[in-house]
Amino acid sequence: MNEHNLICDVAVVGAGPAGLAAAAAAKKQGAGRVLVIERDALPGGILLQCIHPGFGLTYFKEELTGPEYAHRFVKAAKEAGVEFLTDATVLEIGDKHLRVLGPSCGLLDIQAGAIVLAMGCRERTRGNIRTPGTRPAGVYTAGAGQRLVNRQNLMIGKKIVILGSGDIGMIMARRLTLQGAKVEAVVELLPYLAGLTRNRVQCLDDFNIPLLLSHTVAEIRGHQRVEAVKIVQVDDKRQPVPGTERVIECDTLLLSVGLIPENELTRAAGIAIDKVTSGPSVNQYMQTSLPSVFACGNVVHVNDLVDNVSRESEQAGRSAALFAAGKLPETKEIACAPGTGIRYVVPQRIALDGTDADLTLYFRVTAPGGASELTAAQSGKVLTSRKVRRVSPGEMEHLNLKNSVLTEGNLTVSIAAEEGK
Amino acid sequence: MEKTIICTVCPQGCRITVAGEGSRIDSVTGFTCPRGKAYAEQEFICPMRILTGSVRTCGTTEPLLPVRSADRIPRDRIPECMKVLRTVTVKPPVKIHDTVIKNILGTGVDIVACSELE
């Protein structure tokens with residue numbers, strides 16, 4: 001490519017599910033030139049290695065695998081006229097500007113009417129959780145293992161211990177079992193499951209894989225290769241309980257210990273970050289603190305369902321197209337904050353546009369619980385509420401309300417256990 | 001025989017209790033929707049799952065093609081189906097949902113492509 005400068009209406013960073021949905025929506029909203037920049041060779045993102053089913057149940061009302069879900073969105077984006085720049089890394093973003101580097105495009109400066117950040121997440125590693133022991137080969141993050149097994153046809157081990165009961169960890173427990181490995185245990189530090197219940201049923205229970213709650217890996221052993229891990233029970237303060245240590249022989253330790261939104265570009269641009277989500281703070285248009293920059297998907301907050309990512313990202317794409325055309329309303333904003341029993345809420349801000357547009361507040365509770373009532377209130381007045389039979393930090397909750405019912409003052413989301421249950 | 005089944009139809013995760021014997025259902029309690037009831041009954045009689053996996057490719061840059069069963073198959077037959085997948089190699093072109101293995105192990109269900117090869 002000989003161009004060193006490029007102008008587009010909306011530039012999208014990342015061609016995973018968030019970027020694909022945002023780009024197609026921006027195009028449908030009337031944006032002229034929409035460009036998606038992707039560092040991998042193919043669009044689709046992490047969905048390409050998620051070959052298991054369970055995608056699309058709410059968005060398409062049918063059960064798809066990751067590659068099928070990605071295929072639909074890639075096709076929709078291409079049909080809508082979205083352009084792709086693959087094998088290219090975004091080095092820097094700013095107000096209506098991006099700098100990109102790649103083997104085919106060289107160093108490229110892009111002027112964009114609006115930018116959509118859709119970089120997704122990175123996995124937490126052994127370094128992040130500071131697991132003691134030797135440093136042998138055979139310690140993988142779950143997603144890295146998934147890519148090797150599902151896309152590159154490389155088996156990662158024969159006897160495997162998985163630390164963390166996140167969804168990818170449980171899904172990998174099933175995949176490795178189906179591929180002929182023996183998964184000795186899934187070990188979870190917390191006293192409850194980190195991922196979705198359906199993954200516990202279909203990935204662990206179906207294959208009689210033991211789930212050890214309130215346990216962790218205290219030591220990794222082995223020289224060239226992992227030879228064993230020492231696991232230990234932990235108390236309610238997550239401290240090891242002496243005398244409960246047990247050694248499990250294995251050749252591989254897989255870590256599914258959480259995801260971190262990948263926000264180096266966002267931080268470098270000086271965009272405000274929510275300390276709890278580690279993602280940019282956004283309003284209901286998915287607009288960050290830098291008005292020309294929007295964000296969606298796991299870069300904002302870690303989602304459990306890609307269907308939610310697609311919906312949220314379409315909102316970001318539409319808003320970015322409107323902003324690029326100078327049509328996104330600029331109005332007073334209120335804060336939307338977590339109250340009792342709530343860890344975080346997205347969006348963190350709401351622009352009072354006075355319309356009867358539907359607002360969806362996505363949030364996570366801090367602890368598992370039984371029958372409860374979720375409420376969103378302003379100055380003590382409950383604006384919307386919903387009863388649920390069970391809550392878990394691993395499953396995102398939501399509340400809907402109309403923008404027009406809001407007045408000035410903070411909106412607070414909270415949870416209360418139902419009495420007598 | 002009585003069995004408690006965690007429903008996976010939606011994230012609600014209802015605990016449904018089914019009593020019966022073999023393919024005879026005597027009672028179902030704890031469900032909150034008709035889909036959940038049907039799921040629990042099927043789960044009691046014969047759990048059904050979508051099989052997903054991959055097959056080797058040749059003549060293309062991607063070493064694997066992801067595949068799935070076009071419909072649910074009995075859970076207990078999944079391990080033997082996986083062995084069949086290991087014997088298959090596909091060549092481009094492959095279009096999405098092209099049949100890769102017809103009627104796998106007599107289940108009446110085809111294994112189809114989840115992606116494309118050019």
# chains A, B, ... in the order shown; residues from 1 in each chain; ligands from 1
>>> closest_atom_pairs(of="chain A", to="chain B", cutoff="10 Å", atoms="only C-alpha atoms", output="tab-separated table")
residue	atom	partner	partner_atom	distance
A:Leu48	CA	B:Pro66	CA	8.7
A:Gln49	CA	B:Pro66	CA	8.6
A:Cys50	CA	B:Pro66	CA	9.3
A:Ile51	CA	B:Pro66	CA	6.1
A:His52	CA	B:Thr52	CA	5.6
A:Pro53	CA	B:Thr52	CA	7.0
A:Gly54	CA	B:Ile50	CA	9.4
A:Leu57	CA	B:Cys10	CA	8.7
A:Thr58	CA	B:Cys10	CA	9.3
A:Glu63	CA	B:Ile50	CA	9.2
A:Leu64	CA	B:Cys114	CA	8.8
A:Thr65	CA	B:Cys114	CA	7.1
A:Gly66	CA	B:Cys114	CA	8.4
A:Pro67	CA	B:Cys114	CA	5.9
A:Glu68	CA	B:Cys114	CA	5.3
A:Tyr69	CA	B:Cys114	CA	9.0
A:Ala70	CA	B:Ser115	CA	9.0
A:His71	CA	B:Ser115	CA	7.0
A:Val149	CA	B:Leu64	CA	9.4
A:Asn150	CA	B:Ser54	CA	7.0
A:Arg151	CA	B:Leu64	CA	5.8
A:Gln152	CA	B:Pro63	CA	5.9
A:Asn153	CA	B:Pro63	CA	6.5
A:Leu154	CA	B:Pro63	CA	9.7
A:Arg175	CA	B:Gly53	CA	8.1
A:Thr177	CA	B:Pro79	CA	9.2
A:Leu178	CA	B:Pro79	CA	6.5
A:Gln179	CA	B:Met82	CA	7.6
A:Gly180	CA	B:Pro79	CA	9.1
A:Leu196	CA	B:Pro11	CA	7.5
A:Thr197	CA	B:Gly13	CA	6.7
A:Arg198	CA	B:Thr8	CA	4.9
A:Asn199	CA	B:Thr8	CA	8.5
A:Arg200	CA	B:Ile6	CA	9.7
A:Val201	CA	B:Ile6	CA	7.2
A:Gln202	CA	B:Arg49	CA	8.5
A:Asp206	CA	B:Arg75	CA	8.3
A:Val388	CA	B:Gln12	CA	8.4
A:Arg389	CA	B:Gln12	CA	7.5
A:Arg390	CA	B:Gln12	CA	7.2
A:Val391	CA	B:Gln12	CA	8.6
A:Glu395	CA	B:Pro11	CA	7.5
A:Met396	CA	B:Pro11	CA	9.5
>>> write_last_selection(atoms="C-alpha atoms", output="PDB file, in the first residue's frame")
ATOM      1  CA  LEU A  48     -12.272 -18.215  15.750  1.00  0.00           C
ATOM      2  CA  GLN A  49     -10.739 -20.396  18.458  1.00  0.00           C
ATOM      3  CA  CYS A  50     -13.991 -20.794  20.422  1.00  0.00           C
ATOM      4  CA  ILE A  51     -15.126 -23.796  18.399  1.00  0.00           C
ATOM      5  CA  HIS A  52     -17.645 -24.856  21.073  1.00  0.00           C
ATOM      6  CA  PRO A  53     -21.371 -24.075  20.846  1.00  0.00           C
ATOM      7  CA  GLY A  54     -23.336 -21.634  22.997  1.00  0.00           C
ATOM      8  CA  LEU A  57     -28.726 -17.877  21.851  1.00  0.00           C
ATOM      9  CA  THR A  58     -30.104 -14.417  22.547  1.00  0.00           C
ATOM     10  CA  GLU A  63     -27.048 -21.988  19.111  1.00  0.00           C
ATOM     11  CA  LEU A  64     -23.912 -21.350  17.074  1.00  0.00           C
ATOM     12  CA  THR A  65     -20.216 -22.090  17.473  1.00  0.00           C
ATOM     13  CA  GLY A  66     -17.713 -19.215  17.694  1.00  0.00           C
ATOM     14  CA  PRO A  67     -16.532 -19.503  14.070  1.00  0.00           C
ATOM     15  CA  GLU A  68     -20.146 -19.571  12.827  1.00  0.00           C
ATOM     16  CA  TYR A  69     -21.029 -16.508  14.908  1.00  0.00           C
ATOM     17  CA  ALA A  70     -17.941 -14.690  13.589  1.00  0.00           C
ATOM     18  CA  HIS A  71     -18.744 -15.747  10.014  1.00  0.00           C
ATOM     19  CA  VAL A 149      -5.386 -26.862  20.280  1.00  0.00           C
ATOM     20  CA  ASN A 150      -8.284 -25.470  18.244  1.00  0.00           C
ATOM     21  CA  ARG A 151      -6.530 -23.485  15.521  1.00  0.00           C
ATOM     22  CA  GLN A 152      -2.982 -24.744  15.265  1.00  0.00           C
ATOM     23  CA  ASN A 153      -3.492 -28.470  15.821  1.00  0.00           C
ATOM     24  CA  LEU A 154      -0.968 -28.637  18.661  1.00  0.00           C
ATOM     25  CA  ARG A 175     -11.953 -29.760  24.896  1.00  0.00           C
ATOM     26  CA  THR A 177     -10.818 -34.328  27.566  1.00  0.00           C
ATOM     27  CA  LEU A 178     -12.401 -34.782  24.130  1.00  0.00           C
ATOM     28  CA  GLN A 179      -8.938 -34.577  22.567  1.00  0.00           C
ATOM     29  CA  GLY A 180      -7.736 -37.415  24.765  1.00  0.00           C
ATOM     30  CA  LEU A 196     -21.546 -19.715  33.812  1.00  0.00           C
ATOM     31  CA  THR A 197     -23.505 -22.560  35.396  1.00  0.00           C
ATOM     32  CA  ARG A 198     -24.215 -24.108  32.008  1.00  0.00           C
ATOM     33  CA  ASN A 199     -20.488 -24.522  31.448  1.00  0.00           C
ATOM     34  CA  ARG A 200     -20.135 -26.328  34.733  1.00  0.00           C
ATOM     35  CA  VAL A 201     -22.881 -28.744  33.712  1.00  0.00           C
ATOM     36  CA  GLN A 202     -21.760 -29.332  30.137  1.00  0.00           C
ATOM     37  CA  ASP A 206     -20.621 -34.296  31.803  1.00  0.00           C
ATOM     38  CA  VAL A 388     -34.472 -12.452  40.188  1.00  0.00           C
ATOM     39  CA  ARG A 389     -34.387 -15.913  41.702  1.00  0.00           C
ATOM     40  CA  ARG A 390     -30.635 -16.186  42.008  1.00  0.00           C
ATOM     41  CA  VAL A 391     -27.618 -13.952  41.409  1.00  0.00           C
ATOM     42  CA  GLU A 395     -23.489 -13.775  35.390  1.00  0.00           C
ATOM     43  CA  MET A 396     -24.114 -10.226  34.270  1.00  0.00           C
TER      44      MET A 396
END
>>> residues_around(residues="Val13 (chain A)", least_positions_apart="3", cutoff="7 Å", atoms="only C-alpha atoms", output="list in words")
Gly19, Val36, Ile37, Glu38, Val116, Leu117, Ala118 and Met119 of chain A
>>> write_last_selection(atoms="C-alpha atoms", output="CSV table (one decimal), in the first residue's frame")
chain,number,residue,atom,x,y,z
A,19,GLY,CA,-15.4,-4.4,16.2
A,36,VAL,CA,-11.5,-1.9,10.8
A,37,ILE,CA,-7.9,-2.4,11.8
A,38,GLU,CA,-6.9,-5.9,13.0
A,116,VAL,CA,-14.4,2.9,18.1
A,117,LEU,CA,-12.1,1.0,20.5
A,118,ALA,CA,-12.8,-2.8,20.3
A,119,MET,CA,-9.5,-4.3,21.5
>>> atom_distance(atom1="CA of Ala80 (chain A)", atom2="CA of Asn283 (chain A)")
26.3 Å
>>> atom_distance(atom1="CA of Ala19 (chain B)", atom2="CA of Gly370 (chain A)")
25.0 Å
>>> atom_distance(atom1="CA of Arg72 (chain A)", atom2="CA of Gln29 (chain A)")
18.8 Å
>>> residues_around(residues="region 136-147 of chain A", least_positions_apart="2", cutoff="10 Å", atoms="only C-alpha atoms", output="ChimeraX atom specification")
/A:46,48-51,122-126,133-134,149-157,160-164,166-173,175-176,220-227,250-258
>>> select_by_dssp(residues="region 187-409 of chain A", states="strand (DSSP E)", output="PyMOL selection string")
chain A and resi 187+211-212+215-221+228-233+246-249+252-255+259-261+293-295+333-338+342-346+349-351+358-365+372-378+381-388+397-402
>>> closest_residue(among="B:Cys46, B:Lys3, B:Val88, B:Tyr39", to="Ser23 (chain B)", atoms="only C-alpha atoms")
B:Cys46
>>> closest_residue(among="B:Ile73, B:Val112, B:Val28, B:Val100", to="Phe44 (chain B)", atoms="only C-alpha atoms")
B:Val28
>>> residues_around(residues="Pro210 (chain A)", least_positions_apart="4", cutoff="9 Å", atoms="only C-alpha atoms", output="PyMOL selection string")
chain A and resi 183-187+204-205
>>> write_last_selection(atoms="all heavy atoms", output="CSV table (one decimal), in the first residue's frame")
chain,number,residue,atom,x,y,z
A,183,VAL,N,-8.0,-34.5,32.4
A,183,VAL,CA,-8.1,-33.3,33.3
A,183,VAL,C,-8.3,-33.7,34.7
A,183,VAL,O,-9.3,-34.3,35.1
A,183,VAL,CB,-9.2,-32.3,32.8
A,183,VAL,CG1,-9.2,-31.1,33.7
A,183,VAL,CG2,-8.9,-31.9,31.4
A,184,GLU,N,-7.2,-33.5,35.5
A,184,GLU,CA,-7.3,-34.0,36.9
A,184,GLU,C,-8.2,-33.2,37.8
A,184,GLU,O,-8.9,-33.8,38.7
A,184,GLU,CB,-5.8,-34.0,37.5
A,184,GLU,CG,-4.8,-34.8,36.7
A,184,GLU,CD,-5.0,-36.3,36.9
A,184,GLU,OE1,-5.7,-36.7,37.9
A,184,GLU,OE2,-4.6,-37.1,36.0
A,185,ALA,N,-8.2,-31.9,37.6
A,185,ALA,CA,-9.1,-31.1,38.4
A,185,ALA,C,-9.2,-29.7,37.9
A,185,ALA,O,-8.3,-29.2,37.2
A,185,ALA,CB,-8.6,-31.1,39.9
A,186,VAL,N,-10.3,-29.1,38.2
A,186,VAL,CA,-10.4,-27.6,38.0
A,186,VAL,C,-10.4,-27.0,39.4
A,186,VAL,O,-11.2,-27.4,40.3
A,186,VAL,CB,-11.7,-27.2,37.3
A,186,VAL,CG1,-11.9,-25.7,37.2
A,186,VAL,CG2,-11.6,-27.8,35.8
A,187,VAL,N,-9.4,-26.1,39.7
A,187,VAL,CA,-9.2,-25.6,41.0
A,187,VAL,C,-9.6,-24.1,41.1
A,187,VAL,O,-9.2,-23.4,40.2
A,187,VAL,CB,-7.7,-25.7,41.4
A,187,VAL,CG1,-7.4,-25.1,42.7
A,187,VAL,CG2,-7.2,-27.2,41.2
A,204,LEU,N,-17.8,-29.8,32.9
A,204,LEU,CA,-17.2,-30.5,34.0
A,204,LEU,C,-18.1,-31.7,34.4
A,204,LEU,O,-17.6,-32.9,34.4
A,204,LEU,CB,-17.0,-29.6,35.2
A,204,LEU,CG,-16.2,-28.3,35.0
A,204,LEU,CD1,-16.0,-27.6,36.3
A,204,LEU,CD2,-14.9,-28.6,34.3
A,205,ASP,N,-19.3,-31.5,34.7
A,205,ASP,CA,-20.2,-32.6,35.2
A,205,ASP,C,-20.3,-33.7,34.1
A,205,ASP,O,-20.3,-34.9,34.5
A,205,ASP,CB,-21.6,-32.1,35.6
A,205,ASP,CG,-21.5,-31.1,36.8
A,205,ASP,OD1,-20.4,-30.9,37.3
A,205,ASP,OD2,-22.5,-30.5,37.1
>>> decode(residues="region 372-393 of chain A", atoms="N, CA, C and O atoms", output="PDB file, in the first residue's frame")
ATOM      1  N   SER A 372     -33.678 -12.120  44.952  1.00  0.00           N
ATOM      2  CA  SER A 372     -33.304 -10.736  45.241  1.00  0.00           C
ATOM      3  C   SER A 372     -34.077  -9.791  44.347  1.00  0.00           C
ATOM      4  O   SER A 372     -34.650 -10.188  43.331  1.00  0.00           O
ATOM      5  N   GLU A 373     -34.032  -8.516  44.741  1.00  0.00           N
ATOM      6  CA  GLU A 373     -34.624  -7.492  43.894  1.00  0.00           C
ATOM      7  C   GLU A 373     -33.524  -6.529  43.472  1.00  0.00           C
ATOM      8  O   GLU A 373     -32.747  -6.037  44.290  1.00  0.00           O
ATOM      9  N   LEU A 374     -33.465  -6.278  42.168  1.00  0.00           N
ATOM     10  CA  LEU A 374     -32.498  -5.341  41.607  1.00  0.00           C
ATOM     11  C   LEU A 374     -33.228  -4.029  41.369  1.00  0.00           C
ATOM     12  O   LEU A 374     -34.332  -4.034  40.819  1.00  0.00           O
ATOM     13  N   THR A 375     -32.633  -2.921  41.790  1.00  0.00           N
ATOM     14  CA  THR A 375     -33.312  -1.640  41.589  1.00  0.00           C
ATOM     15  C   THR A 375     -32.352  -0.584  41.070  1.00  0.00           C
ATOM     16  O   THR A 375     -31.156  -0.616  41.336  1.00  0.00           O
ATOM     17  N   ALA A 376     -32.912   0.359  40.318  1.00  0.00           N
ATOM     18  CA  ALA A 376     -32.174   1.558  39.933  1.00  0.00           C
ATOM     19  C   ALA A 376     -32.973   2.738  40.473  1.00  0.00           C
ATOM     20  O   ALA A 376     -34.172   2.851  40.205  1.00  0.00           O
ATOM     21  N   ALA A 377     -32.303   3.574  41.271  1.00  0.00           N
ATOM     22  CA  ALA A 377     -33.019   4.651  41.944  1.00  0.00           C
ATOM     23  C   ALA A 377     -32.267   5.961  41.808  1.00  0.00           C
ATOM     24  O   ALA A 377     -31.039   5.988  41.653  1.00  0.00           O
ATOM     25  N   GLN A 378     -33.036   7.044  41.857  1.00  0.00           N
ATOM     26  CA  GLN A 378     -32.460   8.378  41.794  1.00  0.00           C
ATOM     27  C   GLN A 378     -33.037   9.173  42.956  1.00  0.00           C
ATOM     28  O   GLN A 378     -34.259   9.215  43.110  1.00  0.00           O
ATOM     29  N   SER A 379     -32.188   9.767  43.777  1.00  0.00           N
ATOM     30  CA  SER A 379     -32.610  10.514  44.969  1.00  0.00           C
ATOM     31  C   SER A 379     -33.619   9.716  45.790  1.00  0.00           C
ATOM     32  O   SER A 379     -34.636  10.244  46.221  1.00  0.00           O
ATOM     33  N   GLY A 380     -33.359   8.426  45.968  1.00  0.00           N
ATOM     34  CA  GLY A 380     -34.227   7.595  46.791  1.00  0.00           C
ATOM     35  C   GLY A 380     -35.493   7.113  46.104  1.00  0.00           C
ATOM     36  O   GLY A 380     -36.261   6.331  46.651  1.00  0.00           O
ATOM     37  N   LYS A 381     -35.729   7.587  44.874  1.00  0.00           N
ATOM     38  CA  LYS A 381     -36.936   7.175  44.169  1.00  0.00           C
ATOM     39  C   LYS A 381     -36.595   6.038  43.194  1.00  0.00           C
ATOM     40  O   LYS A 381     -35.732   6.184  42.334  1.00  0.00           O
ATOM     41  N   VAL A 382     -37.280   4.896  43.371  1.00  0.00           N
ATOM     42  CA  VAL A 382     -37.009   3.740  42.522  1.00  0.00           C
ATOM     43  C   VAL A 382     -37.607   3.969  41.134  1.00  0.00           C
ATOM     44  O   VAL A 382     -38.794   4.236  40.989  1.00  0.00           O
ATOM     45  N   LEU A 383     -36.775   3.898  40.111  1.00  0.00           N
ATOM     46  CA  LEU A 383     -37.235   4.144  38.745  1.00  0.00           C
ATOM     47  C   LEU A 383     -37.545   2.850  38.000  1.00  0.00           C
ATOM     48  O   LEU A 383     -38.402   2.817  37.126  1.00  0.00           O
ATOM     49  N   THR A 384     -36.811   1.809  38.340  1.00  0.00           N
ATOM     50  CA  THR A 384     -37.095   0.507  37.734  1.00  0.00           C
ATOM     51  C   THR A 384     -36.570  -0.568  38.672  1.00  0.00           C
ATOM     52  O   THR A 384     -35.632  -0.344  39.432  1.00  0.00           O
ATOM     53  N   SER A 385     -37.199  -1.735  38.629  1.00  0.00           N
ATOM     54  CA  SER A 385     -36.728  -2.832  39.464  1.00  0.00           C
ATOM     55  C   SER A 385     -37.102  -4.151  38.820  1.00  0.00           C
ATOM     56  O   SER A 385     -37.959  -4.205  37.932  1.00  0.00           O
ATOM     57  N   ARG A 386     -36.433  -5.179  39.245  1.00  0.00           N
ATOM     58  CA  ARG A 386     -36.701  -6.505  38.683  1.00  0.00           C
ATOM     59  C   ARG A 386     -36.348  -7.541  39.735  1.00  0.00           C
ATOM     60  O   ARG A 386     -35.366  -7.394  40.449  1.00  0.00           O
ATOM     61  N   LYS A 387     -37.195  -8.561  39.829  1.00  0.00           N
ATOM     62  CA  LYS A 387     -36.907  -9.632  40.786  1.00  0.00           C
ATOM     63  C   LYS A 387     -36.199 -10.773  40.080  1.00  0.00           C
ATOM     64  O   LYS A 387     -36.544 -11.118  38.952  1.00  0.00           O
ATOM     65  N   VAL A 388     -35.195 -11.307  40.745  1.00  0.00           N
ATOM     66  CA  VAL A 388     -34.472 -12.452  40.188  1.00  0.00           C
ATOM     67  C   VAL A 388     -34.438 -13.556  41.231  1.00  0.00           C
ATOM     68  O   VAL A 388     -34.533 -13.292  42.431  1.00  0.00           O
ATOM     69  N   ARG A 389     -34.319 -14.789  40.764  1.00  0.00           N
ATOM     70  CA  ARG A 389     -34.387 -15.913  41.702  1.00  0.00           C
ATOM     71  C   ARG A 389     -33.025 -16.262  42.294  1.00  0.00           C
ATOM     72  O   ARG A 389     -32.922 -16.925  43.321  1.00  0.00           O
ATOM     73  N   ARG A 390     -31.983 -15.821  41.579  1.00  0.00           N
ATOM     74  CA  ARG A 390     -30.635 -16.186  42.008  1.00  0.00           C
ATOM     75  C   ARG A 390     -29.682 -15.200  41.357  1.00  0.00           C
ATOM     76  O   ARG A 390     -29.920 -14.765  40.235  1.00  0.00           O
ATOM     77  N   VAL A 391     -28.620 -14.816  42.042  1.00  0.00           N
ATOM     78  CA  VAL A 391     -27.618 -13.952  41.409  1.00  0.00           C
ATOM     79  C   VAL A 391     -26.224 -14.541  41.618  1.00  0.00           C
ATOM     80  O   VAL A 391     -25.987 -15.256  42.587  1.00  0.00           O
ATOM     81  N   SER A 392     -25.341 -14.228  40.698  1.00  0.00           N
ATOM     82  CA  SER A 392     -23.961 -14.693  40.785  1.00  0.00           C
ATOM     83  C   SER A 392     -23.063 -13.652  40.126  1.00  0.00           C
ATOM     84  O   SER A 392     -23.416 -13.086  39.096  1.00  0.00           O
ATOM     85  N   PRO A 393     -21.882 -13.407  40.732  1.00  0.00           N
ATOM     86  CA  PRO A 393     -20.962 -12.435  40.118  1.00  0.00           C
ATOM     87  C   PRO A 393     -20.540 -12.859  38.710  1.00  0.00           C
ATOM     88  O   PRO A 393     -20.151 -12.025  37.899  1.00  0.00           O
TER      89      PRO A 393
END
